[in-house]
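With mmCIF, C-alpha atoms inside, this is structure_28.cif:
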data_protein
#
loop_
_atom_site.group_PDB
_atom_site.id
_atom_site.type_symbol
_atom_site.label_atom_id
_atom_site.label_comp_id
_atom_site.auth_asym_id
_atom_site.auth_seq_id
_atom_site.Cartn_x
_atom_site.Cartn_y
_atom_site.Cartn_z
ATOM 1 C CA MET Q 1 115.235 3.821 160.670
ATOM 2 C CA ILE Q 2 117.995 4.159 158.066
ATOM 3 C CA ASN Q 3 116.693 1.063 156.248
ATOM 4 C CA ALA Q 4 113.222 2.625 156.113
ATOM 5 C CA ILE Q 5 114.659 5.793 154.595
ATOM 6 C CA ASP Q 6 116.665 3.790 152.047
ATOM 7 C CA GLU Q 7 113.595 1.703 151.155
ATOM 8 C CA ALA Q 8 111.454 4.837 150.747
ATOM 9 C CA ARG Q 9 114.109 6.446 148.543
ATOM 10 C CA ASP Q 10 114.439 3.235 146.494
ATOM 11 C CA SER Q 11 110.651 3.052 146.178
ATOM 12 C CA GLU Q 12 110.465 6.675 145.003
ATOM 13 C CA GLU Q 13 113.246 6.008 142.495
ATOM 14 C CA ALA Q 14 111.441 2.894 141.225
ATOM 15 C CA GLN Q 15 108.168 4.812 140.883
ATOM 16 C CA ALA Q 16 109.906 7.621 138.987
ATOM 17 C CA ALA Q 17 111.640 5.085 136.728
ATOM 18 C CA LEU Q 18 108.335 3.329 136.016
ATOM 19 C CA GLN Q 19 106.673 6.654 135.225
ATOM 20 C CA ALA Q 20 109.494 7.630 132.847
ATOM 21 C CA PHE Q 21 109.236 4.179 131.238
ATOM 22 C CA LEU Q 22 105.489 4.558 130.706
ATOM 23 C CA ASN Q 23 105.781 8.151 129.429
ATOM 24 C CA ALA Q 24 108.431 7.319 126.812
ATOM 25 C CA GLU Q 25 106.634 7.235 123.479
ATOM 26 C CA ASP Q 26 109.577 6.882 121.107
ATOM 27 C CA PHE Q 27 113.174 5.715 120.935
ATOM 28 C CA GLU Q 28 114.699 9.030 121.986
ATOM 29 C CA GLU Q 29 112.385 9.411 124.974
ATOM 30 C CA MET Q 30 113.109 5.865 126.146
ATOM 31 C CA GLU Q 31 116.827 6.494 125.682
ATOM 32 C CA ALA Q 32 116.514 9.616 127.866
ATOM 33 C CA ALA Q 33 114.557 7.652 130.482
ATOM 34 C CA LEU Q 34 117.275 5.003 130.535
ATOM 35 C CA ASP Q 35 119.958 7.683 130.910
ATOM 36 C CA GLU Q 36 118.096 9.192 133.867
ATOM 37 C CA PHE Q 37 117.070 5.881 135.425
ATOM 38 C CA PRO Q 38 119.666 3.120 134.938
ATOM 39 C CA LEU Q 39 117.273 0.935 136.948
ATOM 40 C CA LEU Q 40 115.390 0.375 133.664
ATOM 41 C CA GLU Q 41 118.317 -1.742 132.503
ATOM 42 C CA GLU Q 42 118.114 -4.118 135.467
ATOM 43 C CA PRO Q 43 116.534 -7.571 135.061
ATOM 44 C CA GLU Q 44 114.447 -6.862 138.182
ATOM 45 C CA PHE Q 45 112.748 -4.001 136.363
ATOM 46 C CA GLU Q 46 111.821 -6.254 133.461
ATOM 47 C CA ASP Q 47 110.504 -8.820 135.945
ATOM 48 C CA ALA Q 48 108.383 -6.144 137.622
ATOM 49 C CA VAL Q 49 106.938 -5.038 134.261
ATOM 50 C CA ASP Q 50 106.211 -8.665 133.368
ATOM 51 C CA LYS Q 51 104.276 -8.976 136.638
ATOM 52 C CA LEU Q 52 102.355 -5.791 135.846
ATOM 53 C CA ILE Q 53 101.495 -7.228 132.426
ATOM 54 C CA GLU Q 54 100.293 -10.464 134.032
ATOM 55 C CA HIS Q 55 98.220 -8.522 136.563
ATOM 56 C CA ALA Q 56 96.648 -6.294 133.916
ATOM 57 C CA SER Q 57 95.926 -9.361 131.818
ATOM 58 C CA SER Q 58 94.247 -11.118 134.748
ATOM 59 C CA LEU Q 59 92.038 -8.040 135.160
ATOM 60 C CA GLY Q 60 91.171 -8.112 131.459
ATOM 61 C CA ASP Q 61 92.787 -4.704 130.877
ATOM 62 C CA ALA Q 62 93.986 -5.231 127.303
ATOM 63 C CA GLU Q 63 94.878 -1.555 126.900
ATOM 64 C CA ALA Q 64 97.285 -1.662 129.857
ATOM 65 C CA VAL Q 65 98.793 -4.929 128.614
ATOM 66 C CA LEU Q 66 99.443 -3.379 125.198
ATOM 67 C CA ARG Q 67 100.887 -0.201 126.705
ATOM 68 C CA PHE Q 68 103.270 -2.103 128.993
ATOM 69 C CA GLN Q 69 104.309 -4.470 126.192
ATOM 70 C CA ASP Q 70 104.810 -1.596 123.741
ATOM 71 C CA ARG Q 71 107.054 0.226 126.204
ATOM 72 C CA LEU Q 72 108.941 -2.973 126.992
ATOM 73 C CA ASP Q 73 109.575 -3.533 123.264
ATOM 74 C CA LEU Q 74 110.795 0.052 122.985
ATOM 75 C CA LEU Q 75 113.111 -0.450 125.958
ATOM 76 C CA TYR Q 76 114.486 -3.616 124.329
ATOM 77 C CA ASP Q 77 115.199 -1.622 121.144
ATOM 78 C CA VAL Q 78 117.135 0.973 123.134
ATOM 79 C CA LEU Q 79 119.039 -1.670 125.080
ATOM 80 C CA ASP Q 80 119.862 -3.527 121.853
ATOM 81 C CA ASN Q 81 121.421 -0.337 120.498
ATOM 82 C CA LEU Q 82 123.707 0.306 123.462
ATOM 83 C CA GLY Q 83 127.199 0.260 122.059
ATOM 84 C CA ALA Q 84 125.965 0.171 118.477
ATOM 85 C CA THR Q 85 128.013 1.865 115.797
ATOM 86 C CA PRO Q 86 126.588 4.984 114.109
ATOM 87 C CA VAL Q 87 125.826 2.888 111.007
ATOM 88 C CA GLU Q 88 123.935 0.328 113.092
ATOM 89 C CA GLU Q 89 122.003 3.072 114.873
ATOM 90 C CA ALA Q 90 121.155 4.710 111.546
ATOM 91 C CA ALA Q 91 120.054 1.398 110.018
ATOM 92 C CA GLU Q 92 117.906 0.630 113.074
ATOM 93 C CA ALA Q 93 116.254 4.056 112.872
ATOM 94 C CA PHE Q 94 115.605 3.504 109.158
ATOM 95 C CA LEU Q 95 114.100 0.077 109.807
ATOM 96 C CA ASN Q 96 111.788 1.551 112.458
ATOM 97 C CA ALA Q 97 110.657 4.441 110.250
ATOM 98 C CA GLU Q 98 107.275 4.294 108.560
ATOM 99 C CA PRO Q 99 107.426 4.076 104.754
ATOM 100 C CA GLY Q 100 107.294 7.359 102.887
ATOM 101 C CA ALA Q 101 107.962 10.723 104.476
ATOM 102 C CA ASP Q 102 109.108 9.237 107.793
ATOM 103 C CA SER Q 103 111.724 7.060 106.052
ATOM 104 C CA ASP Q 104 112.807 10.037 103.954
ATOM 105 C CA ALA Q 105 113.262 12.149 107.095
ATOM 106 C CA VAL Q 106 115.287 9.434 108.824
ATOM 107 C CA TYR Q 107 117.434 9.053 105.710
ATOM 108 C CA ALA Q 108 118.066 12.818 105.653
ATOM 109 C CA GLN Q 109 118.938 12.776 109.361
ATOM 110 C CA TYR Q 110 121.369 9.846 109.009
ATOM 111 C CA GLU Q 111 122.438 10.307 105.389
ATOM 112 C CA GLU Q 112 126.134 10.358 106.282
ATOM 113 C CA TRP Q 113 125.842 6.754 107.505
ATOM 114 C CA LEU Q 114 122.937 5.400 105.453
ATOM 115 C CA ASP Q 115 124.582 6.472 102.213
ATOM 116 C CA SER Q 116 127.470 4.102 102.905
ATOM 117 C CA ASP Q 117 128.013 0.619 101.533
ATOM 118 C CA GLU Q 118 128.415 -0.456 105.157
ATOM 119 C CA ALA Q 119 124.756 0.418 105.889
ATOM 120 C CA ALA Q 120 123.559 -1.527 102.852
ATOM 121 C CA ALA Q 121 125.733 -4.483 103.870
ATOM 122 C CA PHE Q 122 124.355 -4.302 107.413
ATOM 123 C CA LEU Q 123 120.790 -4.573 106.083
ATOM 124 C CA GLU Q 124 121.788 -7.382 103.719
ATOM 125 C CA MET Q 125 123.294 -9.483 106.502
ATOM 126 C CA MET Q 126 120.072 -9.388 108.533
ATOM 127 C CA GLU Q 127 118.426 -12.797 108.445
ATOM 128 C CA PRO Q 128 114.631 -12.769 108.504
ATOM 129 C CA ALA Q 129 112.898 -15.130 110.903
ATOM 130 C CA ASP Q 130 109.750 -15.527 108.835
ATOM 131 C CA PRO Q 131 108.289 -14.652 105.391
ATOM 132 C CA GLU Q 132 106.665 -11.457 106.689
ATOM 133 C CA THR Q 133 109.976 -10.182 108.038
ATOM 134 C CA ALA Q 134 111.703 -11.210 104.793
ATOM 135 C CA GLN Q 135 109.194 -9.116 102.830
ATOM 136 C CA PHE Q 136 109.655 -6.196 105.211
ATOM 137 C CA LEU Q 137 113.456 -6.327 104.850
ATOM 138 C CA THR Q 138 113.183 -6.572 101.064
ATOM 139 C CA GLU Q 139 111.025 -3.435 101.014
ATOM 140 C CA LYS Q 140 113.348 -1.538 103.361
ATOM 141 C CA ARG Q 141 116.449 -2.534 101.355
ATOM 142 C CA ALA Q 142 114.751 -1.372 98.146
ATOM 143 C CA ALA Q 143 113.679 1.924 99.754
ATOM 144 C CA LEU Q 144 117.225 2.553 100.967
ATOM 145 C CA ALA Q 145 118.613 1.803 97.488
ATOM 146 C CA VAL Q 146 116.202 4.323 95.942
ATOM 147 C CA LEU Q 147 117.154 6.993 98.490
ATOM 148 C CA ARG Q 148 120.855 6.346 97.976
ATOM 149 C CA ARG Q 149 120.494 6.818 94.219
ATOM 150 C CA GLY Q 150 118.852 10.165 94.906
#

Mind converting the file's structure to structure tokens?
Amino acid sequence: MINAIDEARDSEEAQAALQAFLNAEDFEEMEAALDEFPLLEEPEFEDAVDKLIEHASSLGDAEAVLRFQDRLDLLYDVLDNLGATPVEEAAEAFLNAEPGADSDAVYAQYEEWLDSDEAAAFLEMMEPADPETAQFLTEKRAALAVLRRG
């Protein structure tokens, strides 16, 4: 009987964690979901999401596959930033910002850190994996330089 109660509670917790995972639409929301449901950090959770992606794919549900994969990528971003320095967090937010007004807003939010030589050095040390990423980093470095000059 106690095992059944524990399993039901664990199942409810897993369902709530999955719902929070699926509802998180940006970095901050995923970070909040992870704070509330540490289960999201467990390898078993990733395995379960991978199985859901496979199942949705086998059903031909491309929309569900994209939604699960998008949320998984967002979760990976949050997990990658655990323990990051403020400069690293600021640089990551800047890299994820859309060009233009979104980048300007992120710069204003993190100006204390992005205006440092350390932030520029952090972006410079990033090694692109392919030409597209190299171009992206070049554009982001140039945008940061323009914002730093004011």

*asked:* Show me, as an MDAnalysis selection string, the residues that have an atom within 9 Å of stretch 33-44 of chain Q when counting all atoms listed in the file, minus same-chain residues fewer than 3 positions from it.
replied: chainID Q and resid 13:14 16:18 20:21 23:24 28:30 47:49 75 78:79

Residue selection dump (C-alpha atoms) as a JSON list (two decimals), keeping the file's coordinate frame:
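out.json was written with the following content:
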[["chain", "number", "residue", "atom", "x", "y", "z"],
["Q", 13, "GLU", "CA", 113.25, 6.01, 142.50],
["Q", 14, "ALA", "CA", 111.44, 2.89, 141.22],
["Q", 16, "ALA", "CA", 109.91, 7.62, 138.99],
["Q", 17, "ALA", "CA", 111.64, 5.08, 136.73],
["Q", 18, "LEU", "CA", 108.34, 3.33, 136.02],
["Q", 20, "ALA", "CA", 109.49, 7.63, 132.85],
["Q", 21, "PHE", "CA", 109.24, 4.18, 131.24],
["Q", 23, "ASN", "CA", 105.78, 8.15, 129.43],
["Q", 24, "ALA", "CA", 108.43, 7.32, 126.81],
["Q", 28, "GLU", "CA", 114.70, 9.03, 121.99],
["Q", 29, "GLU", "CA", 112.38, 9.41, 124.97],
["Q", 30, "MET", "CA", 113.11, 5.86, 126.15],
["Q", 47, "ASP", "CA", 110.50, -8.82, 135.94],
["Q", 48, "ALA", "CA", 108.38, -6.14, 137.62],
["Q", 49, "VAL", "CA", 106.94, -5.04, 134.26],
["Q", 75, "LEU", "CA", 113.11, -0.45, 125.96],
["Q", 78, "VAL", "CA", 117.14, 0.97, 123.13],
["Q", 79, "LEU", "CA", 119.04, -1.67, 125.08]]

Report as a tab-separated table the residues of stretch 18-115 of chain Q within 10 Å of stretch 125-144 of chain Q, each with its shortest atom pair and distance in Å (one decimal), using all atoms listed in the file, ordered by chain and increasing residue number.
residue	atom	partner	partner_atom	distance
Q:Ala91	CA	Q:Leu144	CA	9.6
Q:Phe94	CA	Q:Lys140	CA	8.0
Q:Leu95	CA	Q:Lys140	CA	6.7
Q:Asn96	CA	Q:Lys140	CA	9.7
Q:Ala97	CA	Q:Lys140	CA	9.5
Q:Glu98	CA	Q:Lys140	CA	9.9
Q:Pro99	CA	Q:Lys140	CA	8.3
Q:Gly100	CA	Q:Ala143	CA	9.0
Q:Ser103	CA	Q:Ala143	CA	8.4
Q:Asp104	CA	Q:Ala143	CA	9.2
Q:Tyr107	CA	Q:Leu144	CA	8.0
Q:Leu114	CA	Q:Leu144	CA	7.8
Q:Asp115	CA	Q:Leu144	CA	8.4

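Here atom CA of Q:Ala93 stands at a distance of 10.2 Å from atom CA of Q:Asn81.
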
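Between atom CA of Q:His55 and atom CA of Q:Ala32 there is a distance of 27.2 Å.
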
If the box runs along x, y and z of the file and leaves 5 Å on each side of stretch 100-109 of chain Q, what are its centre and edge lengths in Å, one decimal, as lines of an AutoDock Vina configuration file?
center_x = 113.1
center_y = 9.9
center_z = 106.1
size_x = 21.6
size_y = 15.8
size_z = 16.5

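The interatomic distance for the pair atom CA of Q:Gly150 and atom CA of Q:Phe27 works out to 27.0 Å.
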
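Among the candidates Q:Leu22, Q:Gln109, Q:Val146, Q:Ala84, the one nearest to Q:Val65 when counting all atoms listed in the file is Q:Leu22.
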
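When you apply the PyMOL selection byres ((chain Q and resi 86) around 12) to this structure, what comes back is Q:Asn81, Q:Leu82, Q:Gly83, Q:Ala84, Q:Thr85, Q:Val87, Q:Glu88, Q:Glu89, Q:Ala90, Q:Ala91, Q:Glu92, Q:Ala93, Q:Gln109, Q:Tyr110, Q:Glu111, Q:Glu112, Q:Trp113, Q:Leu114, Q:Ser116, Q:Glu118, Q:Ala119, Q:Phe122.
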
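Of the listed residues Q:Phe68, Q:Ala101, Q:Glu124, Q:Ala62, the one whose atoms come nearest to Q:Gln19 is Q:Phe68, with distances taken using only C-alpha atoms.
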
*Given all atoms listed in the file as the counted atoms, nearest of Q:Leu59, Q:Leu72, Q:Ala108, Q:Ala121 to Q:Phe45*: Q:Leu72
